[in-house]
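Asks: Hey, dropping protein-v6.pdb in here, PDB, C-alpha atoms:
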```pdb
ATOM      1  CA  MET N   1     162.471  39.203 130.413
ATOM      2  CA  SER N   2     161.073  42.330 128.923
ATOM      3  CA  VAL N   3     161.417  42.645 125.174
ATOM      4  CA  VAL N   4     159.479  45.865 124.737
ATOM      5  CA  PRO N   5     161.687  48.181 122.600
ATOM      6  CA  VAL N   6     163.080  51.230 124.339
ATOM      7  CA  SER N   7     161.502  53.478 121.702
ATOM      8  CA  TYR N   8     158.026  52.495 122.921
ATOM      9  CA  TYR N   9     158.868  53.821 126.373
ATOM     10  CA  LEU N  10     160.334  56.982 124.856
ATOM     11  CA  ILE N  11     157.199  57.578 122.779
ATOM     12  CA  LEU N  12     155.032  57.140 125.890
ATOM     13  CA  SER N  13     157.362  59.506 127.754
ATOM     14  CA  ALA N  14     157.060  62.094 124.966
ATOM     15  CA  ILE N  15     153.259  61.777 124.912
ATOM     16  CA  LEU N  16     153.046  62.241 128.693
ATOM     17  CA  PHE N  17     155.443  65.192 128.559
ATOM     18  CA  GLY N  18     153.382  66.785 125.756
ATOM     19  CA  LEU N  19     150.180  66.323 127.749
ATOM     20  CA  GLY N  20     151.947  67.905 130.722
ATOM     21  CA  VAL N  21     152.890  70.917 128.606
ATOM     22  CA  VAL N  22     149.286  71.185 127.351
ATOM     23  CA  ALA N  23     147.963  71.065 130.923
ATOM     24  CA  PHE N  24     150.560  73.627 132.023
ATOM     25  CA  VAL N  25     149.536  76.065 129.270
ATOM     26  CA  PHE N  26     145.764  75.528 129.284
ATOM     27  CA  LYS N  27     144.973  75.259 132.969
ATOM     28  CA  ARG N  28     144.108  78.393 134.955
ATOM     29  CA  ASN N  29     144.189  76.924 138.445
ATOM     30  CA  ILE N  30     147.588  77.347 140.062
ATOM     31  CA  ILE N  31     147.415  73.971 141.865
ATOM     32  CA  THR N  32     146.612  72.163 138.608
ATOM     33  CA  ILE N  33     149.576  73.906 136.979
ATOM     34  CA  PHE N  34     151.794  72.474 139.718
ATOM     35  CA  MET N  35     150.346  69.044 138.980
ATOM     36  CA  ALA N  36     151.214  69.530 135.294
ATOM     37  CA  ILE N  37     154.841  70.136 136.331
ATOM     38  CA  GLU N  38     154.782  66.895 138.339
ATOM     39  CA  LEU N  39     153.406  65.086 135.271
ATOM     40  CA  MET N  40     156.289  66.382 133.131
ATOM     41  CA  LEU N  41     158.841  65.298 135.775
ATOM     42  CA  ASN N  42     157.260  61.830 135.775
ATOM     43  CA  ALA N  43     157.513  61.628 131.991
ATOM     44  CA  VAL N  44     161.222  62.486 132.155
ATOM     45  CA  ASN N  45     161.723  59.852 134.889
ATOM     46  CA  LEU N  46     160.222  57.224 132.588
ATOM     47  CA  ALA N  47     162.744  58.163 129.885
ATOM     48  CA  PHE N  48     165.584  57.913 132.451
ATOM     49  CA  VAL N  49     164.525  54.422 133.554
ATOM     50  CA  ALA N  50     164.036  53.255 129.947
ATOM     51  CA  PHE N  51     167.542  54.416 129.013
ATOM     52  CA  ALA N  52     168.981  52.864 132.184
ATOM     53  CA  ARG N  53     167.473  49.545 131.097
ATOM     54  CA  ALA N  54     168.573  49.956 127.479
ATOM     55  CA  TRP N  55     172.235  50.394 128.456
ATOM     56  CA  ASN N  56     172.034  48.319 131.645
ATOM     57  CA  GLN N  57     173.488  51.213 133.647
ATOM     58  CA  LEU N  58     172.335  52.019 137.171
ATOM     59  CA  ASP N  59     173.222  55.723 136.971
ATOM     60  CA  GLY N  60     169.871  56.478 135.342
ATOM     61  CA  LEU N  61     168.051  55.159 138.394
ATOM     62  CA  VAL N  62     170.196  57.349 140.675
ATOM     63  CA  PHE N  63     169.122  60.355 138.607
ATOM     64  CA  VAL N  64     165.476  59.329 138.932
ATOM     65  CA  PHE N  65     166.005  59.196 142.694
ATOM     66  CA  PHE N  66     167.382  62.752 142.693
ATOM     67  CA  VAL N  67     164.565  63.986 140.449
ATOM     68  CA  ILE N  68     162.009  62.556 142.885
ATOM     69  CA  VAL N  69     163.759  64.208 145.841
ATOM     70  CA  VAL N  70     163.876  67.593 144.101
ATOM     71  CA  ALA N  71     160.233  67.213 143.036
ATOM     72  CA  ALA N  72     159.213  66.597 146.635
ATOM     73  CA  ALA N  73     161.100  69.703 147.802
ATOM     74  CA  GLU N  74     159.602  71.713 144.936
ATOM     75  CA  ALA N  75     156.075  70.582 145.801
ATOM     76  CA  ALA N  76     156.511  71.562 149.458
ATOM     77  CA  VAL N  77     157.841  75.060 148.692
ATOM     78  CA  GLY N  78     155.470  75.547 145.729
ATOM     79  CA  LEU N  79     152.380  74.712 147.731
ATOM     80  CA  ALA N  80     153.529  77.035 150.517
ATOM     81  CA  ILE N  81     153.811  79.787 147.885
ATOM     82  CA  VAL N  82     150.308  78.903 146.631
ATOM     83  CA  MET N  83     148.956  79.281 150.163
ATOM     84  CA  THR N  84     150.653  82.676 150.481
ATOM     85  CA  ILE N  85     149.178  83.811 147.150
ATOM     86  CA  VAL N  86     145.695  82.716 148.184
ATOM     87  CA  HIS N  87     146.161  84.450 151.541
ATOM     88  CA  ASN N  88     147.140  87.704 149.841
ATOM     89  CA  ARG N  89     144.890  87.748 146.759
ATOM     90  CA  GLN N  90     141.983  85.404 147.630
ATOM     91  CA  THR N  91     142.158  83.592 144.267
ATOM     92  CA  LEU N  92     143.641  80.461 142.711
ATOM     93  CA  ASN N  93     143.409  81.817 139.162
ATOM     94  CA  VAL N  94     146.829  82.637 137.722
ATOM     95  CA  GLU N  95     145.372  85.396 135.563
ATOM     96  CA  ARG N  96     144.330  87.290 138.673
ATOM     97  CA  VAL N  97     147.913  87.166 139.967
ATOM     98  CA  ASN N  98     149.189  89.959 137.740
ATOM     99  CA  LEU N  99     151.159  92.382 139.879
ATOM    100  CA  LEU N 100     154.212  92.072 137.616
ATOM    101  CA  LYS N 101     152.179  92.478 134.419
ATOM    102  CA  LEU N 102     152.576  95.671 132.388
TER     103      LEU N 102
ATOM    104  CA  MET M   1     151.676  39.114 121.627
ATOM    105  CA  SER M   2     153.687  38.357 124.750
ATOM    106  CA  LEU M   3     152.902  39.317 128.320
ATOM    107  CA  PRO M   4     155.388  42.245 128.615
ATOM    108  CA  PHE M   5     153.871  43.864 125.513
ATOM    109  CA  LEU M   6     150.363  43.357 126.851
ATOM    110  CA  LEU M   7     151.277  44.845 130.232
ATOM    111  CA  PHE M   8     153.102  47.741 128.592
ATOM    112  CA  PHE M   9     150.193  48.690 126.355
ATOM    113  CA  ALA M  10     147.603  48.292 129.119
ATOM    114  CA  PHE M  11     149.441  50.519 131.580
ATOM    115  CA  ALA M  12     150.629  52.976 128.921
ATOM    116  CA  LEU M  13     146.962  53.412 128.013
ATOM    117  CA  VAL M  14     146.069  53.947 131.680
ATOM    118  CA  ALA M  15     148.845  56.555 132.018
ATOM    119  CA  VAL M  16     147.798  58.482 128.891
ATOM    120  CA  LEU M  17     144.123  58.333 129.906
ATOM    121  CA  GLY M  18     145.014  59.674 133.337
ATOM    122  CA  ALA M  19     146.980  62.538 131.798
ATOM    123  CA  VAL M  20     144.061  63.391 129.469
ATOM    124  CA  LEU M  21     141.665  63.304 132.436
ATOM    125  CA  LEU M  22     144.007  65.679 134.292
ATOM    126  CA  ILE M  23     143.556  68.177 131.457
ATOM    127  CA  LEU M  24     139.799  67.683 131.047
ATOM    128  CA  ALA M  25     138.864  67.722 134.749
ATOM    129  CA  LYS M  26     137.122  70.879 135.899
ATOM    130  CA  GLU M  27     137.938  70.552 139.585
ATOM    131  CA  PRO M  28     141.484  70.340 140.974
ATOM    132  CA  ILE M  29     140.651  67.323 143.150
ATOM    133  CA  HIS M  30     139.731  65.296 140.041
ATOM    134  CA  SER M  31     142.999  66.383 138.416
ATOM    135  CA  ALA M  32     144.886  65.225 141.523
ATOM    136  CA  LEU M  33     143.187  61.808 141.495
ATOM    137  CA  SER M  34     143.953  61.291 137.794
ATOM    138  CA  LEU M  35     147.580  62.283 138.431
ATOM    139  CA  ILE M  36     147.743  59.555 141.100
ATOM    140  CA  LEU M  37     146.418  57.142 138.436
ATOM    141  CA  VAL M  38     149.252  58.189 136.085
ATOM    142  CA  MET M  39     151.846  57.693 138.840
ATOM    143  CA  VAL M  40     150.633  54.214 139.756
ATOM    144  CA  ALA M  41     150.605  53.194 136.073
ATOM    145  CA  LEU M  42     154.163  54.501 135.724
ATOM    146  CA  ALA M  43     155.189  52.498 138.811
ATOM    147  CA  VAL M  44     153.960  49.331 137.078
ATOM    148  CA  LEU M  45     155.988  50.285 133.987
ATOM    149  CA  TYR M  46     159.078  50.722 136.201
ATOM    150  CA  LEU M  47     158.498  47.203 137.547
ATOM    151  CA  LEU M  48     158.253  46.006 133.952
ATOM    152  CA  LEU M  49     161.640  47.629 133.312
ATOM    153  CA  GLY M  50     163.102  45.832 136.322
ATOM    154  CA  ALA M  51     163.559  48.970 138.425
ATOM    155  CA  GLU M  52     161.986  47.725 141.648
ATOM    156  CA  PHE M  53     163.433  50.382 143.950
ATOM    157  CA  VAL M  54     162.238  53.219 141.719
ATOM    158  CA  ALA M  55     158.777  51.656 141.515
ATOM    159  CA  ALA M  56     158.567  51.489 145.317
ATOM    160  CA  VAL M  57     159.826  55.072 145.714
ATOM    161  CA  GLN M  58     157.365  56.207 143.049
ATOM    162  CA  ILE M  59     154.438  54.769 145.020
ATOM    163  CA  ILE M  60     155.649  55.818 148.475
ATOM    164  CA  VAL M  61     157.041  59.294 147.772
ATOM    165  CA  TYR M  62     155.088  60.453 144.711
ATOM    166  CA  ALA M  63     151.688  58.802 144.931
ATOM    167  CA  GLY M  64     151.918  58.835 148.712
ATOM    168  CA  ALA M  65     153.635  61.875 150.163
ATOM    169  CA  VAL M  66     153.592  64.448 147.354
ATOM    170  CA  MET M  67     150.029  63.808 146.223
ATOM    171  CA  VAL M  68     148.745  63.763 149.801
ATOM    172  CA  LEU M  69     150.321  67.219 150.132
ATOM    173  CA  PHE M  70     148.478  68.345 146.977
ATOM    174  CA  VAL M  71     145.146  66.915 148.123
ATOM    175  CA  PHE M  72     145.639  68.456 151.561
ATOM    176  CA  VAL M  73     146.262  71.926 150.078
ATOM    177  CA  ILE M  74     143.235  71.546 147.764
ATOM    178  CA  MET M  75     141.118  70.720 150.802
ATOM    179  CA  LEU M  76     142.645  73.533 152.873
ATOM    180  CA  LEU M  77     142.056  76.176 150.186
ATOM    181  CA  ASN M  78     138.622  74.797 149.320
ATOM    182  CA  ALA M  79     139.472  74.872 145.610
ATOM    183  CA  GLY M  80     136.345  74.544 143.525
ATOM    184  CA  VAL M  81     135.556  74.682 139.823
ATOM    185  CA  GLU M  82     138.124  76.470 137.718
ATOM    186  CA  GLU M  83     136.983  79.938 136.768
ATOM    187  CA  ARG M  84     136.990  80.784 133.076
ATOM    188  CA  THR M  85     138.661  83.906 131.776
ATOM    189  CA  ASN M  86     139.060  85.320 128.308
ATOM    190  CA  TRP M  87     141.804  83.813 126.229
ATOM    191  CA  SER M  88     144.441  86.239 125.154
ATOM    192  CA  LYS M  89     144.663  86.852 121.414
ATOM    193  CA  ILE M  90     148.417  86.220 121.355
ATOM    194  CA  ALA M  91     147.910  82.767 122.862
ATOM    195  CA  THR M  92     145.455  81.858 120.104
ATOM    196  CA  TRP M  93     147.457  83.107 117.125
ATOM    197  CA  VAL M  94     151.000  82.334 118.251
ATOM    198  CA  GLY M  95     150.510  79.506 120.729
ATOM    199  CA  THR M  96     148.436  77.177 118.554
ATOM    200  CA  PRO M  97     150.911  77.078 115.607
ATOM    201  CA  LEU M  98     153.802  76.675 118.051
ATOM    202  CA  ALA M  99     152.023  73.780 119.801
ATOM    203  CA  PHE M 100     151.506  72.030 116.458
ATOM    204  CA  PHE M 101     155.137  72.707 115.543
ATOM    205  CA  LEU M 102     156.276  71.085 118.814
ATOM    206  CA  LEU M 103     154.089  68.025 118.142
ATOM    207  CA  PHE M 104     155.430  67.787 114.572
ATOM    208  CA  GLU M 105     159.003  68.019 115.810
ATOM    209  CA  LEU M 106     158.444  65.284 118.418
ATOM    210  CA  GLY M 107     156.777  62.995 115.888
ATOM    211  CA  HIS M 108     159.523  63.625 113.336
ATOM    212  CA  PHE M 109     162.389  62.707 115.635
ATOM    213  CA  LEU M 110     160.576  59.719 117.127
ATOM    214  CA  GLY M 111     159.802  58.495 113.619
ATOM    215  CA  ARG M 112     163.481  58.742 112.691
ATOM    216  CA  SER M 113     164.634  56.659 115.646
ATOM    217  CA  LYS M 114     165.064  52.965 114.956
ATOM    218  CA  ALA M 115     162.370  50.917 116.655
ATOM    219  CA  GLY M 116     164.640  47.896 116.758
ATOM    220  CA  ALA M 117     166.642  48.655 119.893
ATOM    221  CA  ALA M 118     165.243  46.068 122.266
ATOM    222  CA  ILE M 119     165.403  46.518 126.007
ATOM    223  CA  GLY M 120     167.176  43.962 128.138
ATOM    224  CA  THR M 121     169.755  42.969 125.545
ATOM    225  CA  GLY M 122     172.364  45.482 126.659
ATOM    226  CA  SER M 123     175.653  43.904 127.652
ATOM    227  CA  GLY M 124     177.498  46.908 129.044
ATOM    228  CA  PRO M 125     179.115  47.021 132.471
ATOM    229  CA  GLY M 126     176.882  47.217 135.486
ATOM    230  CA  VAL M 127     173.978  44.983 136.364
ATOM    231  CA  SER M 128     173.440  41.556 134.951
ATOM    232  CA  GLY M 129     170.316  39.530 135.330
ATOM    233  CA  ALA M 130     166.643  40.292 134.966
ATOM    234  CA  ALA M 131     166.114  43.169 137.374
ATOM    235  CA  PHE M 132     168.301  45.971 138.650
ATOM    236  CA  SER M 133     169.485  45.001 142.110
ATOM    237  CA  THR M 134     168.697  47.450 144.871
ATOM    238  CA  ALA M 135     171.945  46.508 146.640
ATOM    239  CA  GLU M 136     173.992  47.599 143.611
ATOM    240  CA  LEU M 137     171.963  50.793 143.360
ATOM    241  CA  SER M 138     172.558  51.685 147.000
ATOM    242  CA  LYS M 139     176.266  50.917 146.626
ATOM    243  CA  LEU M 140     176.424  53.348 143.699
ATOM    244  CA  LEU M 141     174.382  55.933 145.597
ATOM    245  CA  PHE M 142     176.655  55.838 148.646
ATOM    246  CA  THR M 143     179.968  55.786 146.776
ATOM    247  CA  ASN M 144     179.954  57.643 143.442
ATOM    248  CA  TYR M 145     176.965  59.820 144.262
ATOM    249  CA  LEU M 146     177.629  60.355 147.967
ATOM    250  CA  PHE M 147     178.152  64.108 147.704
ATOM    251  CA  PRO M 148     174.975  64.803 145.673
ATOM    252  CA  PHE M 149     173.104  62.521 148.075
ATOM    253  CA  GLU M 150     174.244  64.563 151.085
ATOM    254  CA  ALA M 151     173.517  67.776 149.191
ATOM    255  CA  THR M 152     169.905  66.679 148.652
ATOM    256  CA  SER M 153     169.468  66.246 152.402
ATOM    257  CA  ILE M 154     170.460  69.901 152.862
ATOM    258  CA  LEU M 155     168.108  70.823 150.005
ATOM    259  CA  ILE M 156     165.241  69.036 151.743
ATOM    260  CA  LEU M 157     166.059  70.778 155.026
ATOM    261  CA  ILE M 158     166.044  74.198 153.323
ATOM    262  CA  ALA M 159     162.788  73.329 151.541
ATOM    263  CA  ILE M 160     161.123  72.407 154.848
ATOM    264  CA  LEU M 161     162.307  75.651 156.465
ATOM    265  CA  GLY M 162     161.197  77.669 153.432
ATOM    266  CA  ALA M 163     157.767  76.050 153.373
ATOM    267  CA  MET M 164     157.298  76.682 157.100
ATOM    268  CA  ILE M 165     158.303  80.347 156.825
ATOM    269  CA  LEU M 166     156.155  80.931 153.716
ATOM    270  CA  ALA M 167     153.059  79.255 155.111
ATOM    271  CA  LYS M 168     153.363  80.899 158.529
ATOM    272  CA  LYS M 169     150.720  83.476 159.369
ATOM    273  CA  GLU M 170     152.407  86.834 159.870
ATOM    274  CA  GLU M 171     151.567  88.523 163.146
TER     275      GLU M 171
END
```
Could you write out this file's structure as structure tokens?
Replies:
Amino acid sequence: MSVVPVSYYLILSAILFGLGVVAFVFKRNIITIFMAIELMLNAVNLAFVAFARAWNQLDGLVFVFFVIVVAAAEAAVGLAIVMTIVHNRQTLNVERVNLLKL
Amino acid sequence: MSLPFLLFFAFALVAVLGAVLLILAKEPIHSALSLILVMVALAVLYLLLGAEFVAAVQIIVYAGAVMVLFVFVIMLLNAGVEERTNWSKIATWVGTPLAFFLLFELGHFLGRSKAGAAIGTGSGPGVSGAAFSTAELSKLLFTNYLFPFEATSILILIAILGAMILAKKEE
């Protein structure tokens, strides 16, 4: 079976998480920022599955299942909020959504 | 080089390329398509790790349902090219060093970890054999994790109600 060391998966997970952080910070479009959050959740899921395999424990997979469920709920509510923002301010740019800014 | 290594490197490359494309894409729809690429590549990696159920859920729920929702909202809002604004000075002078510090930290700790721990040699309690069995997973989900499982159904219900109320046009 698979003989790829668990550290390889963790390095890939860290790279994907880092790219997600970069996208989250650099992007201006609110929908793309949501996608960056999904990318980070995916990176964490990969680490969960890799650890589950490393210790041969199923609990990691159960956590991945819950992460996916919460991500789906978050996407539904988040995109509804995006639609409300666009309805109220006619823009997708997060820098134009600055009512709480000093 | 054996087949698992080859598959791992091929699909890891696809995943990283997809993530880079997500950052470089100017239009949100291109970002969404590259994110789907990342998710499918990760599903193949889950199969490589023997997690068949998670791979299927990844394709069906993530690449299917969630990303369709994203693409649908992009279409609905007619999201075009990202508009450029001026960078803030604080982001340039504080954010860049902090980003490099984060990268350094990650590299440092990953470098310290032993690369010898091979996957699939664990002998702890739980699943034996090549792949995780979905039957064992469902048994665990409906016994030890029954309460969190039921709680997520309420969470989903509240999320649906919240999304409906938020997206509703006020009269």
Asks: Report the distance between CA of Leu103 (chain M) and CA of Val21 (chain N) in Å, rounded to one decimal place.
Replies: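 Between these atoms lies a distance of 10.9 Å.
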Asks: Evaluated on this file, the PyMOL selection byres ((chain M and resi 47) around 12) picks out some residues - which ones are they, written as a ChimeraX atom specification?
Replies: /N:1-2,46,49-50,53 /M:4,7-8,11,40-46,48-59,130-132
Asks: Could you take the residues named above and write them with C-alpha atoms, as a PDB file, in the coordinates of the input?
Replies:
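The resulting file, selection34.pdb, is shown below:
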```
ATOM      1  CA  MET N   1     162.471  39.203 130.413  1.00  0.00           C
ATOM      2  CA  SER N   2     161.073  42.330 128.923  1.00  0.00           C
ATOM      3  CA  LEU N  46     160.222  57.224 132.588  1.00  0.00           C
ATOM      4  CA  VAL N  49     164.525  54.422 133.554  1.00  0.00           C
ATOM      5  CA  ALA N  50     164.036  53.255 129.947  1.00  0.00           C
ATOM      6  CA  ARG N  53     167.473  49.545 131.097  1.00  0.00           C
TER       7      ARG N  53
ATOM      8  CA  PRO M   4     155.388  42.245 128.615  1.00  0.00           C
ATOM      9  CA  LEU M   7     151.277  44.845 130.232  1.00  0.00           C
ATOM     10  CA  PHE M   8     153.102  47.741 128.592  1.00  0.00           C
ATOM     11  CA  PHE M  11     149.441  50.519 131.580  1.00  0.00           C
ATOM     12  CA  VAL M  40     150.633  54.214 139.756  1.00  0.00           C
ATOM     13  CA  ALA M  41     150.605  53.194 136.073  1.00  0.00           C
ATOM     14  CA  LEU M  42     154.163  54.501 135.724  1.00  0.00           C
ATOM     15  CA  ALA M  43     155.189  52.498 138.811  1.00  0.00           C
ATOM     16  CA  VAL M  44     153.960  49.331 137.078  1.00  0.00           C
ATOM     17  CA  LEU M  45     155.988  50.285 133.987  1.00  0.00           C
ATOM     18  CA  TYR M  46     159.078  50.722 136.201  1.00  0.00           C
ATOM     19  CA  LEU M  48     158.253  46.006 133.952  1.00  0.00           C
ATOM     20  CA  LEU M  49     161.640  47.629 133.312  1.00  0.00           C
ATOM     21  CA  GLY M  50     163.102  45.832 136.322  1.00  0.00           C
ATOM     22  CA  ALA M  51     163.559  48.970 138.425  1.00  0.00           C
ATOM     23  CA  GLU M  52     161.986  47.725 141.648  1.00  0.00           C
ATOM     24  CA  PHE M  53     163.433  50.382 143.950  1.00  0.00           C
ATOM     25  CA  VAL M  54     162.238  53.219 141.719  1.00  0.00           C
ATOM     26  CA  ALA M  55     158.777  51.656 141.515  1.00  0.00           C
ATOM     27  CA  ALA M  56     158.567  51.489 145.317  1.00  0.00           C
ATOM     28  CA  VAL M  57     159.826  55.072 145.714  1.00  0.00           C
ATOM     29  CA  GLN M  58     157.365  56.207 143.049  1.00  0.00           C
ATOM     30  CA  ILE M  59     154.438  54.769 145.020  1.00  0.00           C
ATOM     31  CA  ALA M 130     166.643  40.292 134.966  1.00  0.00           C
ATOM     32  CA  ALA M 131     166.114  43.169 137.374  1.00  0.00           C
ATOM     33  CA  PHE M 132     168.301  45.971 138.650  1.00  0.00           C
TER      34      PHE M 132
END
```
Asks: Translate the PyMOL selection byres ((chain M and resi 15-24) around 8) into a concrete residue list for this structure, as number ranges by chain.
Replies: N: 12, 15-16, 19-20, 22-23, 26-27, 39; M: 11-14, 25-26, 30-32, 34-35, 37-39, 41-42
Asks: May I have the residues within 10 Å of Ile11 (chain N) as a PyMOL selection string, using only C-alpha atoms and disregarding those fewer than 6 positions away in the same chain?
Replies: (chain N and resi 17+47) or (chain M and resi 106-107+110-111)
Asks: Grab the residues selected above and save them as an mmCIF file, in the frame of the given file with C-alpha atoms.
Replies:
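Done, and the output landed in again.cif:
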```cif
data_model
loop_
_atom_site.group_PDB
_atom_site.id
_atom_site.type_symbol
_atom_site.label_atom_id
_atom_site.label_comp_id
_atom_site.auth_asym_id
_atom_site.auth_seq_id
_atom_site.Cartn_x
_atom_site.Cartn_y
_atom_site.Cartn_z
ATOM 1 C CA PHE N 17 155.443 65.192 128.559
ATOM 2 C CA ALA N 47 162.744 58.163 129.885
ATOM 3 C CA LEU M 106 158.444 65.284 118.418
ATOM 4 C CA GLY M 107 156.777 62.995 115.888
ATOM 5 C CA LEU M 110 160.576 59.719 117.127
ATOM 6 C CA GLY M 111 159.802 58.495 113.619
#
```
Asks: Run through the PyMOL selection byres ((chain N and resi 38) around 10) on the given coordinates and return the selected residues as a CSV table (one decimal) with C-alpha atoms, in the frame of the given file.
Replies:
```
chain,number,residue,atom,x,y,z
N,17,PHE,CA,155.4,65.2,128.6
N,20,GLY,CA,151.9,67.9,130.7
N,32,THR,CA,146.6,72.2,138.6
N,33,ILE,CA,149.6,73.9,137.0
N,34,PHE,CA,151.8,72.5,139.7
N,35,MET,CA,150.3,69.0,139.0
N,36,ALA,CA,151.2,69.5,135.3
N,37,ILE,CA,154.8,70.1,136.3
N,39,LEU,CA,153.4,65.1,135.3
N,40,MET,CA,156.3,66.4,133.1
N,41,LEU,CA,158.8,65.3,135.8
N,42,ASN,CA,157.3,61.8,135.8
N,43,ALA,CA,157.5,61.6,132.0
N,44,VAL,CA,161.2,62.5,132.2
N,68,ILE,CA,162.0,62.6,142.9
N,71,ALA,CA,160.2,67.2,143.0
N,72,ALA,CA,159.2,66.6,146.6
N,74,GLU,CA,159.6,71.7,144.9
N,75,ALA,CA,156.1,70.6,145.8
M,35,LEU,CA,147.6,62.3,138.4
M,39,MET,CA,151.8,57.7,138.8
M,62,TYR,CA,155.1,60.5,144.7
M,66,VAL,CA,153.6,64.4,147.4
M,67,MET,CA,150.0,63.8,146.2
```
Asks: For CA of Arg28 (chain N) and CA of Leu92 (chain N), quote the distance in Å rounded to one decimal.
Replies: 8.0 Å
Asks: May I ask which of the residues M:Ile154, M:Ile60, M:Met164, M:Met75 is the closest one to Gly78 (chain N), counting all atoms listed in the file?
Replies: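 Checking each candidate against Gly78 (chain N), we get M:Met164 as the closest.
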